[in-house]
>>> print(open('entry04.cif').read())   # mmCIF, C-alpha atoms
data_model
#
loop_
_atom_site.group_PDB
_atom_site.id
_atom_site.type_symbol
_atom_site.label_atom_id
_atom_site.label_comp_id
_atom_site.auth_asym_id
_atom_site.auth_seq_id
_atom_site.Cartn_x
_atom_site.Cartn_y
_atom_site.Cartn_z
ATOM 1 C CA MET F 251 203.510 57.094 33.115
ATOM 2 C CA PHE F 252 205.866 59.079 30.954
ATOM 3 C CA ARG F 253 207.162 57.774 27.632
ATOM 4 C CA GLY F 254 210.580 58.728 26.392
ATOM 5 C CA SER F 255 210.874 60.174 22.923
ATOM 6 C CA ARG F 256 213.353 59.041 20.287
ATOM 7 C CA THR F 257 214.316 60.974 17.211
ATOM 8 C CA ILE F 258 215.049 58.867 14.152
ATOM 9 C CA THR F 259 217.406 60.543 11.686
ATOM 10 C CA PRO F 260 217.362 58.978 8.220
ATOM 11 C CA ILE F 261 220.731 58.234 6.596
ATOM 12 C CA LEU F 262 220.902 58.742 2.862
ATOM 13 C CA LEU F 263 223.362 56.567 0.918
ATOM 14 C CA VAL F 264 223.989 57.837 -2.598
ATOM 15 C CA ALA F 265 226.082 55.986 -5.184
ATOM 16 C CA PHE F 266 227.816 58.096 -7.836
ATOM 17 C CA GLY F 267 228.855 56.456 -11.126
ATOM 18 C CA VAL F 268 230.690 57.641 -14.230
ATOM 19 C CA PHE F 269 229.215 56.364 -17.473
ATOM 20 C CA ARG F 270 231.135 56.478 -20.752
ATOM 21 C CA PRO F 271 229.527 56.734 -24.196
ATOM 22 C CA VAL F 272 228.729 53.352 -25.734
ATOM 23 C CA ALA F 273 231.070 53.880 -28.691
ATOM 24 C CA ALA F 274 234.040 54.473 -26.408
ATOM 25 C CA ALA F 275 233.239 51.566 -24.136
ATOM 26 C CA GLN F 276 232.832 48.787 -26.699
ATOM 27 C CA ASN F 277 236.136 47.134 -25.789
ATOM 28 C CA SER F 278 235.766 47.730 -22.043
ATOM 29 C CA PRO F 279 235.070 44.696 -19.844
ATOM 30 C CA GLN F 280 231.374 44.368 -19.018
ATOM 31 C CA PRO F 281 230.357 44.050 -15.346
ATOM 32 C CA HIS F 282 229.591 40.610 -14.002
ATOM 33 C CA PRO F 283 225.804 39.921 -13.972
ATOM 34 C CA SER F 284 225.717 39.966 -10.167
ATOM 35 C CA GLU F 285 227.633 43.295 -10.133
ATOM 36 C CA ALA F 286 225.217 44.740 -12.691
ATOM 37 C CA THR F 287 222.291 43.652 -10.525
ATOM 38 C CA ARG F 288 223.865 45.295 -7.469
ATOM 39 C CA LEU F 289 224.460 48.576 -9.333
ATOM 40 C CA HIS F 290 220.868 48.527 -10.595
ATOM 41 C CA SER F 291 219.573 47.987 -7.039
ATOM 42 C CA ILE F 292 221.659 50.905 -5.713
ATOM 43 C CA SER F 293 220.434 53.149 -8.541
ATOM 44 C CA SER F 294 216.791 52.177 -7.879
ATOM 45 C CA ALA F 295 217.169 52.759 -4.128
ATOM 46 C CA SER F 296 218.700 56.191 -4.743
ATOM 47 C CA ALA F 297 215.824 57.110 -7.053
ATOM 48 C CA ARG F 298 213.285 56.052 -4.418
ATOM 49 C CA LEU F 299 215.043 58.057 -1.711
ATOM 50 C CA SER F 300 215.034 61.206 -3.856
ATOM 51 C CA GLN F 301 211.318 60.949 -4.658
ATOM 52 C CA ILE F 302 209.150 63.500 -2.851
ATOM 53 C CA SER F 303 205.897 62.187 -1.344
ATOM 54 C CA ALA F 304 203.112 63.667 0.759
ATOM 55 C CA PHE F 305 202.786 62.429 4.364
ATOM 56 C CA GLU F 306 200.407 62.936 7.271
ATOM 57 C CA GLN F 307 200.917 62.446 10.993
ATOM 58 C CA TYR F 308 198.225 62.593 13.675
ATOM 59 C CA VAL F 309 198.150 63.680 17.298
ATOM 60 C CA ALA F 310 195.263 62.152 19.223
ATOM 61 C CA TYR F 311 194.432 65.124 21.453
ATOM 62 C CA TRP F 312 194.778 68.856 21.958
ATOM 63 C CA THR F 313 192.947 71.259 24.235
ATOM 64 C CA THR F 314 192.911 75.000 24.877
ATOM 65 C CA GLU F 315 190.180 74.871 27.506
ATOM 66 C CA PRO F 316 190.581 77.109 30.582
ATOM 67 C CA GLY F 317 193.448 75.855 32.768
ATOM 68 C CA TRP F 318 195.061 73.851 29.948
ATOM 69 C CA ARG F 319 197.818 74.615 27.456
ATOM 70 C CA THR F 320 198.917 72.631 24.403
ATOM 71 C CA GLU F 321 202.372 73.146 22.893
ATOM 72 C CA LEU F 322 203.189 71.526 19.557
ATOM 73 C CA GLN F 323 206.893 70.704 19.075
ATOM 74 C CA LEU F 324 208.107 69.975 15.534
ATOM 75 C CA ARG F 325 211.596 68.731 14.600
ATOM 76 C CA ASN F 326 213.010 68.554 11.076
ATOM 77 C CA ASN F 327 215.056 65.342 10.811
ATOM 78 C CA LEU F 328 216.364 66.103 7.306
ATOM 79 C CA GLU F 329 220.137 66.530 7.041
ATOM 80 C CA SER F 330 220.292 69.422 4.604
ATOM 81 C CA SER F 331 216.802 70.558 3.619
ATOM 82 C CA ALA F 332 214.173 72.763 5.185
ATOM 83 C CA LEU F 333 210.791 71.163 5.903
ATOM 84 C CA THR F 334 207.417 72.894 5.602
ATOM 85 C CA VAL F 335 204.641 71.533 7.801
ATOM 86 C CA VAL F 336 200.965 72.511 7.589
ATOM 87 C CA PRO F 337 199.191 71.815 10.913
ATOM 88 C CA ALA F 338 195.420 71.518 11.099
ATOM 89 C CA VAL F 339 193.214 71.206 14.181
ATOM 90 C CA ARG F 340 190.158 68.980 14.256
ATOM 91 C CA THR F 341 187.427 69.727 16.762
ATOM 92 C CA ALA F 342 185.511 67.009 18.599
ATOM 93 C CA ASP F 343 182.887 66.845 15.823
ATOM 94 C CA GLY F 344 185.564 66.325 13.152
ATOM 95 C CA THR F 345 185.586 69.832 11.645
ATOM 96 C CA GLU F 346 189.073 70.616 10.344
ATOM 97 C CA THR F 347 190.736 74.062 10.343
ATOM 98 C CA ALA F 348 194.169 74.597 8.795
ATOM 99 C CA LEU F 349 196.754 76.731 10.601
ATOM 100 C CA PRO F 350 199.536 78.735 8.912
ATOM 101 C CA ALA F 351 202.376 76.677 7.465
ATOM 102 C CA VAL F 352 205.540 76.321 9.552
ATOM 103 C CA THR F 353 208.964 76.089 7.867
ATOM 104 C CA ILE F 354 211.657 74.369 9.931
ATOM 105 C CA LYS F 355 215.377 74.540 9.164
ATOM 106 C CA SER F 356 217.392 71.337 8.851
ATOM 107 C CA GLY F 357 217.887 69.726 12.276
ATOM 108 C CA ASP F 358 215.958 72.518 14.000
ATOM 109 C CA VAL F 359 212.951 72.422 16.358
ATOM 110 C CA VAL F 360 209.982 74.796 16.282
ATOM 111 C CA SER F 361 207.494 75.159 19.159
ATOM 112 C CA LEU F 362 203.942 76.306 18.503
ATOM 113 C CA ASP F 363 201.567 77.410 21.265
ATOM 114 C CA LEU F 364 198.193 76.250 20.015
ATOM 115 C CA ALA F 365 196.141 78.905 21.809
ATOM 116 C CA ASP F 366 198.264 81.692 20.289
ATOM 117 C CA ALA F 367 197.982 80.138 16.820
ATOM 118 C CA LEU F 368 194.205 79.817 17.139
ATOM 119 C CA LEU F 369 193.815 83.399 18.345
ATOM 120 C CA LYS F 370 195.405 84.570 15.071
ATOM 121 C CA THR F 371 193.667 82.113 12.731
ATOM 122 C CA ALA F 372 190.457 80.760 14.289
ATOM 123 C CA PRO F 373 189.701 82.535 17.608
ATOM 124 C CA GLN F 374 186.317 80.833 17.821
ATOM 125 C CA LEU F 375 188.128 77.541 18.516
ATOM 126 C CA VAL F 376 189.943 78.768 21.634
ATOM 127 C CA GLY F 377 188.493 76.789 24.539
ATOM 128 C CA SER F 378 187.873 73.694 22.412
ATOM 129 C CA TYR F 379 189.522 70.277 22.123
ATOM 130 C CA GLY F 380 190.031 67.590 19.496
ATOM 131 C CA SER F 381 192.845 66.022 17.453
ATOM 132 C CA LEU F 382 195.595 67.306 15.150
ATOM 133 C CA VAL F 383 196.860 66.421 11.679
ATOM 134 C CA LEU F 384 200.285 67.462 10.335
ATOM 135 C CA ARG F 385 200.904 67.451 6.568
ATOM 136 C CA TYR F 386 204.258 67.735 4.796
ATOM 137 C CA SER F 387 206.140 66.606 1.686
ATOM 138 C CA ALA F 388 209.550 64.924 1.919
ATOM 139 C CA ASN F 389 211.650 62.090 0.513
ATOM 140 C CA VAL F 390 211.341 60.046 3.741
ATOM 141 C CA HIS F 391 208.284 59.623 5.957
ATOM 142 C CA ARG F 392 210.256 60.192 9.178
ATOM 143 C CA ALA F 393 211.429 63.625 8.063
ATOM 144 C CA LEU F 394 209.226 65.054 10.832
ATOM 145 C CA TYR F 395 209.206 64.216 14.525
ATOM 146 C CA ALA F 396 206.239 65.796 16.284
ATOM 147 C CA VAL F 397 204.916 65.766 19.831
ATOM 148 C CA ALA F 398 202.151 67.589 21.691
ATOM 149 C CA MET F 399 202.891 68.659 25.270
ATOM 150 C CA ILE F 400 199.642 69.232 27.182
ATOM 151 C CA ARG F 401 200.084 71.092 30.459
ATOM 152 C CA VAL F 402 197.919 72.016 33.413
ATOM 153 C CA ASP F 403 198.414 75.674 34.349
ATOM 154 C CA GLY F 404 200.169 76.094 37.700
ATOM 155 C CA GLN F 405 200.669 72.350 38.188
ATOM 156 C CA PRO F 406 203.682 70.070 37.510
ATOM 157 C CA ILE F 407 201.558 67.926 35.201
ATOM 158 C CA VAL F 408 202.480 67.344 31.532
ATOM 159 C CA PHE F 409 201.022 64.828 29.083
ATOM 160 C CA HIS F 410 203.395 63.814 26.263
ATOM 161 C CA LEU F 411 201.633 62.655 23.068
ATOM 162 C CA ASP F 412 203.717 61.529 20.083
ATOM 163 C CA ALA F 413 202.370 61.997 16.569
ATOM 164 C CA GLU F 414 201.593 58.768 14.722
ATOM 165 C CA PHE F 415 201.006 57.634 11.148
ATOM 166 C CA HIS F 416 197.531 56.500 10.161
ATOM 167 C CA THR F 417 197.166 52.898 8.980
ATOM 168 C CA ALA F 418 195.597 53.066 5.528
ATOM 169 C CA SER F 419 194.456 49.432 5.270
ATOM 170 C CA PRO F 420 191.674 48.257 7.642
ATOM 171 C CA THR F 421 192.946 45.914 10.355
ATOM 172 C CA ARG F 422 191.682 44.502 13.633
ATOM 173 C CA ALA F 423 193.497 46.087 16.543
ATOM 174 C CA SER F 424 193.227 46.806 20.255
ATOM 175 C CA ARG F 425 194.607 49.288 22.762
ATOM 176 C CA GLU F 426 195.137 48.688 26.475
ATOM 177 C CA GLY F 427 195.735 51.093 29.341
ATOM 178 C CA ILE F 428 195.362 51.656 33.077
ATOM 179 C CA TRP F 429 192.803 53.811 34.866
ATOM 180 C CA TRP F 430 193.553 55.214 38.308
ATOM 181 C CA LEU F 431 191.312 57.169 40.678
ATOM 182 C CA PRO F 432 193.144 57.357 44.029
ATOM 183 C CA ARG F 433 191.029 60.238 45.403
ATOM 184 C CA GLU F 434 187.587 61.748 44.897
ATOM 185 C CA SER F 435 189.189 64.926 43.564
ATOM 186 C CA VAL F 436 190.977 63.124 40.720
ATOM 187 C CA THR F 437 189.572 63.266 37.189
ATOM 188 C CA ASP F 438 190.539 60.527 34.730
ATOM 189 C CA PHE F 439 189.711 60.972 31.037
ATOM 190 C CA LEU F 440 189.712 58.421 28.241
ATOM 191 C CA ILE F 441 190.383 60.084 24.877
ATOM 192 C CA LEU F 442 189.279 58.321 21.682
ATOM 193 C CA ALA F 443 190.243 59.857 18.326
ATOM 194 C CA ASN F 444 189.388 58.606 14.844
ATOM 195 C CA SER F 445 192.091 59.782 12.423
ATOM 196 C CA SER F 446 190.426 58.261 9.341
ATOM 197 C CA ASP F 447 187.765 59.524 6.941
ATOM 198 C CA ARG F 448 185.492 56.571 7.724
ATOM 199 C CA GLN F 449 183.267 55.753 10.681
ATOM 200 C CA LEU F 450 184.994 53.639 13.313
ATOM 201 C CA ASP F 451 182.979 51.137 15.361
ATOM 202 C CA THR F 452 184.701 49.854 18.470
ATOM 203 C CA GLY F 453 184.028 48.191 21.802
ATOM 204 C CA LEU F 454 185.186 49.589 25.131
ATOM 205 C CA THR F 455 185.780 47.071 27.939
ATOM 206 C CA LEU F 456 186.411 48.358 31.456
ATOM 207 C CA TYR F 457 187.926 46.135 34.170
ATOM 208 C CA ASP F 458 188.322 46.639 37.909
ATOM 209 C CA SER F 459 191.291 45.322 39.923
ATOM 210 C CA ALA F 460 189.428 42.062 40.618
ATOM 211 C CA GLY F 461 188.976 41.373 36.906
ATOM 212 C CA LYS F 462 185.250 42.118 36.711
ATOM 213 C CA ALA F 463 184.401 43.527 33.269
ATOM 214 C CA TRP F 464 181.856 45.900 31.727
ATOM 215 C CA ARG F 465 181.522 46.567 27.984
ATOM 216 C CA GLN F 466 180.050 49.345 25.884
ATOM 217 C CA GLU F 467 179.847 49.685 22.098
ATOM 218 C CA LEU F 468 181.056 53.020 20.701
ATOM 219 C CA SER F 469 181.047 54.668 17.268
ATOM 220 C CA LEU F 470 183.305 57.479 16.115
ATOM 221 C CA GLY F 471 182.482 59.469 13.004
ATOM 222 C CA PRO F 472 185.189 60.544 10.526
ATOM 223 C CA ARG F 473 187.929 62.594 12.266
ATOM 224 C CA GLN F 474 185.857 62.787 15.458
ATOM 225 C CA THR F 475 187.123 62.777 19.064
ATOM 226 C CA GLN F 476 185.304 61.487 22.150
ATOM 227 C CA ARG F 477 186.368 62.297 25.698
ATOM 228 C CA LEU F 478 184.931 60.012 28.367
ATOM 229 C CA SER F 479 185.058 60.395 32.142
ATOM 230 C CA VAL F 480 186.327 57.172 33.692
ATOM 231 C CA ARG F 481 184.590 58.019 36.985
ATOM 232 C CA SER F 482 181.247 58.348 35.181
ATOM 233 C CA LEU F 483 181.869 55.064 33.361
ATOM 234 C CA LEU F 484 182.590 53.315 36.677
ATOM 235 C CA GLN F 485 179.361 54.633 38.171
ATOM 236 C CA ARG F 486 177.381 53.340 35.193
ATOM 237 C CA SER F 487 179.144 49.964 35.170
ATOM 238 C CA GLY F 488 178.907 49.244 38.903
ATOM 239 C CA LEU F 489 182.620 48.443 39.057
ATOM 240 C CA GLY F 490 184.545 49.270 42.206
ATOM 241 C CA GLY F 491 188.101 49.939 43.322
ATOM 242 C CA SER F 492 190.500 52.764 42.600
#
>>> encode(input="entry04.cif", output="structure tokens")
Amino acid sequence: MFRGSRTITPILLVAFGVFRPVAAAQNSPQPHPSEATRLHSISSASARLSQISAFEQYVAYWTTEPGWRTELQLRNNLESSALTVVPAVRTADGTETALPAVTIKSGDVVSLDLADALLKTAPQLVGSYGSLVLRYSANVHRALYAVAMIRVDGQPIVFHLDAEFHTASPTRASREGIWWLPRESVTDFLILANSSDRQLDTGLTLYDSAGKAWRQELSLGPRQTQRLSVRSLLQRSGLGGS
């Protein structure tokens, strides 16, 4: 299944006002209370939009193992400002390594081959896998659109993974997907990535096409990634089907 990508471009509305000195404006009509409230709201919104904040986005998976290639595509959604992004790779055990900063012109897209970047910065990580974190400062959180394209060498197979924002407050949540093993030669992986700095305890439930279920408890340490073979899980669970 392929998901389409959508770029969200923020629109900045700025209100400009001319303010006269108090002494010169004493005889001028004062704005109606509702008009004053509206002007105050516009001024407050403009101030919030101009405030620079730090943001992080996460990509659940990358790999530079033999036969695989990961390309990171970064788009600057800002209308008139350059955007500097600092990527960092996290290995399966959660160890983080920062890569050189990437500056992207307004409205431009930069592609980064992860294997090439690692060869220059951390060659010992070539042949590994894990997750990614992207850090940047901007006046809107959607200033960056990021996606990882994971390809199989010599095959028309591409996995498209959008970057996501981490939920700061703890919540109960679930994810659902489909496994498919049509032939013995097919490998199906389940990737689990913990983007937080806390341990994540979760339950994995596997179903076959008849609805029979098998459950396993899993724990992910801070920033860790687990890659599970669905075929191995099926053999352990006793479930059948393809």
>>> residues_near_point(input="entry04.cif", point="(201.4, 65.0, 30.1)", cutoff="9 Å", atoms="only C-alpha atoms", output="list of chain:residue names")
F:Met251, F:Phe252, F:Ala398, F:Met399, F:Ile400, F:Arg401, F:Val402, F:Ile407, F:Val408, F:Phe409, F:His410, F:Leu411
>>> residues_around(input="entry04.cif", residues="stretch 443-445 of chain F", least_positions_apart="3", cutoff="7 Å", atoms="only C-alpha atoms", output="list in words")
Tyr308, Ala310, Ser381, His416, Leu450, Leu470, Pro472, Arg473, Gln474, Thr475 and Gln476 of chain F
>>> resolve_selection(input="entry04.cif", expression="the PyMOL selection byres ((chain F and resi 334) around 9)", output="ChimeraX atom specification")
/F:326,332-333,335-336,351-355,385-387
>>> residues_around(input="entry04.cif", residues="F:Asp403", least_positions_apart="5", cutoff="9 Å", atoms="all atoms listed in the file", output="number ranges by chain")
F: 316-319
>>> atom_distance(input="entry04.cif", atom1="atom CA of F:Trp312", atom2="atom CA of F:Arg340")
9.0 Å
>>> atom_distance(input="entry04.cif", atom1="atom CA of F:Phe415", atom2="atom CA of F:Lys370")
27.8 Å
>>> residues_around(input="entry04.cif", residues="F:Ala388", least_positions_apart="6", cutoff="7 Å", atoms="only C-alpha atoms", output="mmCIF file with C-alpha atoms, keeping the file's coordinate frame")
data_model
loop_
_atom_site.group_PDB
_atom_site.id
_atom_site.type_symbol
_atom_site.label_atom_id
_atom_site.label_comp_id
_atom_site.auth_asym_id
_atom_site.auth_seq_id
_atom_site.Cartn_x
_atom_site.Cartn_y
_atom_site.Cartn_z
ATOM 1 C CA ILE F 302 209.150 63.500 -2.851
ATOM 2 C CA SER F 303 205.897 62.187 -1.344
ATOM 3 C CA ALA F 304 203.112 63.667 0.759
#
>>> atom_distance(input="entry04.cif", atom1="atom CA of F:Thr347", atom2="atom CA of F:Arg325")
21.9 Å
>>> closest_residue(input="entry04.cif", among="F:Leu394, F:Ala338, F:Glu467, F:Glu346", to="F:Asp358", atoms="only C-alpha atoms")
F:Leu394
>>> residues_around(input="entry04.cif", residues="stretch 482-484 of chain F", least_positions_apart="5", cutoff="10 Å", atoms="all atoms listed in the file", output="JSON, numbers by chain")
{"F": [437, 438, 439, 440, 456, 457, 458, 464, 466, 489, 490, 491, 492]}
>>> closest_residue(input="entry04.cif", among="F:Glu426, F:Arg477, F:Asp451, F:Ser361", to="F:Thr320", atoms="all atoms listed in the file")
F:Ser361
>>> closest_residue(input="entry04.cif", among="F:Ser487, F:Ser459, F:Ser330, F:Gln307", to="F:Ser446", atoms="only C-alpha atoms")
F:Gln307
>>> build_atoms(input="entry04.cif", residues="stretch 325-343 of chain F", atoms="N, CA and C atoms", output="short mmCIF file (atom, residue, chain, number, x, y, z; two decimals), keeping the file's coordinate frame")
data_model
loop_
_atom_site.label_atom_id
_atom_site.label_comp_id
_atom_site.auth_asym_id
_atom_site.auth_seq_id
_atom_site.Cartn_x
_atom_site.Cartn_y
_atom_site.Cartn_z
N ARG F 325 210.17 68.83 14.93
CA ARG F 325 211.60 68.73 14.60
C ARG F 325 211.77 68.26 13.16
N ASN F 326 212.64 68.94 12.44
CA ASN F 326 213.01 68.55 11.08
C ASN F 326 214.20 67.61 11.14
N ASN F 327 214.00 66.35 10.77
CA ASN F 327 215.06 65.34 10.81
C ASN F 327 215.92 65.31 9.55
N LEU F 328 215.59 66.12 8.55
CA LEU F 328 216.36 66.10 7.31
C LEU F 328 217.75 66.69 7.53
N GLU F 329 218.75 66.11 6.84
CA GLU F 329 220.14 66.53 7.04
C GLU F 329 220.44 67.90 6.46
N SER F 330 219.86 68.21 5.29
CA SER F 330 220.29 69.42 4.60
C SER F 330 219.16 70.21 3.96
N SER F 331 217.93 69.87 4.25
CA SER F 331 216.80 70.56 3.62
C SER F 331 215.83 71.10 4.66
N ALA F 332 215.23 72.24 4.34
CA ALA F 332 214.17 72.76 5.18
C ALA F 332 212.91 71.93 4.98
N LEU F 333 212.03 71.94 5.95
CA LEU F 333 210.79 71.16 5.90
C LEU F 333 209.62 72.09 6.23
N THR F 334 208.61 72.08 5.38
CA THR F 334 207.42 72.89 5.60
C THR F 334 206.28 72.00 6.05
N VAL F 335 205.71 72.32 7.20
CA VAL F 335 204.64 71.53 7.80
C VAL F 335 203.38 72.39 7.88
N VAL F 336 202.25 71.82 7.49
CA VAL F 336 200.96 72.51 7.59
C VAL F 336 200.14 71.81 8.67
N PRO F 337 200.02 72.42 9.87
CA PRO F 337 199.19 71.82 10.91
C PRO F 337 197.72 72.15 10.68
N ALA F 338 196.86 71.27 11.13
CA ALA F 338 195.42 71.52 11.10
C ALA F 338 194.80 70.93 12.37
N VAL F 339 193.91 71.70 12.99
CA VAL F 339 193.21 71.21 14.18
C VAL F 339 191.87 70.62 13.76
N ARG F 340 191.47 69.58 14.45
CA ARG F 340 190.16 68.98 14.26
C ARG F 340 189.41 69.07 15.58
N THR F 341 188.23 69.62 15.55
CA THR F 341 187.43 69.73 16.76
C THR F 341 186.78 68.37 17.06
N ALA F 342 186.09 68.29 18.18
CA ALA F 342 185.51 67.01 18.60
C ALA F 342 184.53 66.45 17.57
N ASP F 343 183.85 67.33 16.82
CA ASP F 343 182.89 66.84 15.82
C ASP F 343 183.53 66.52 14.48
#
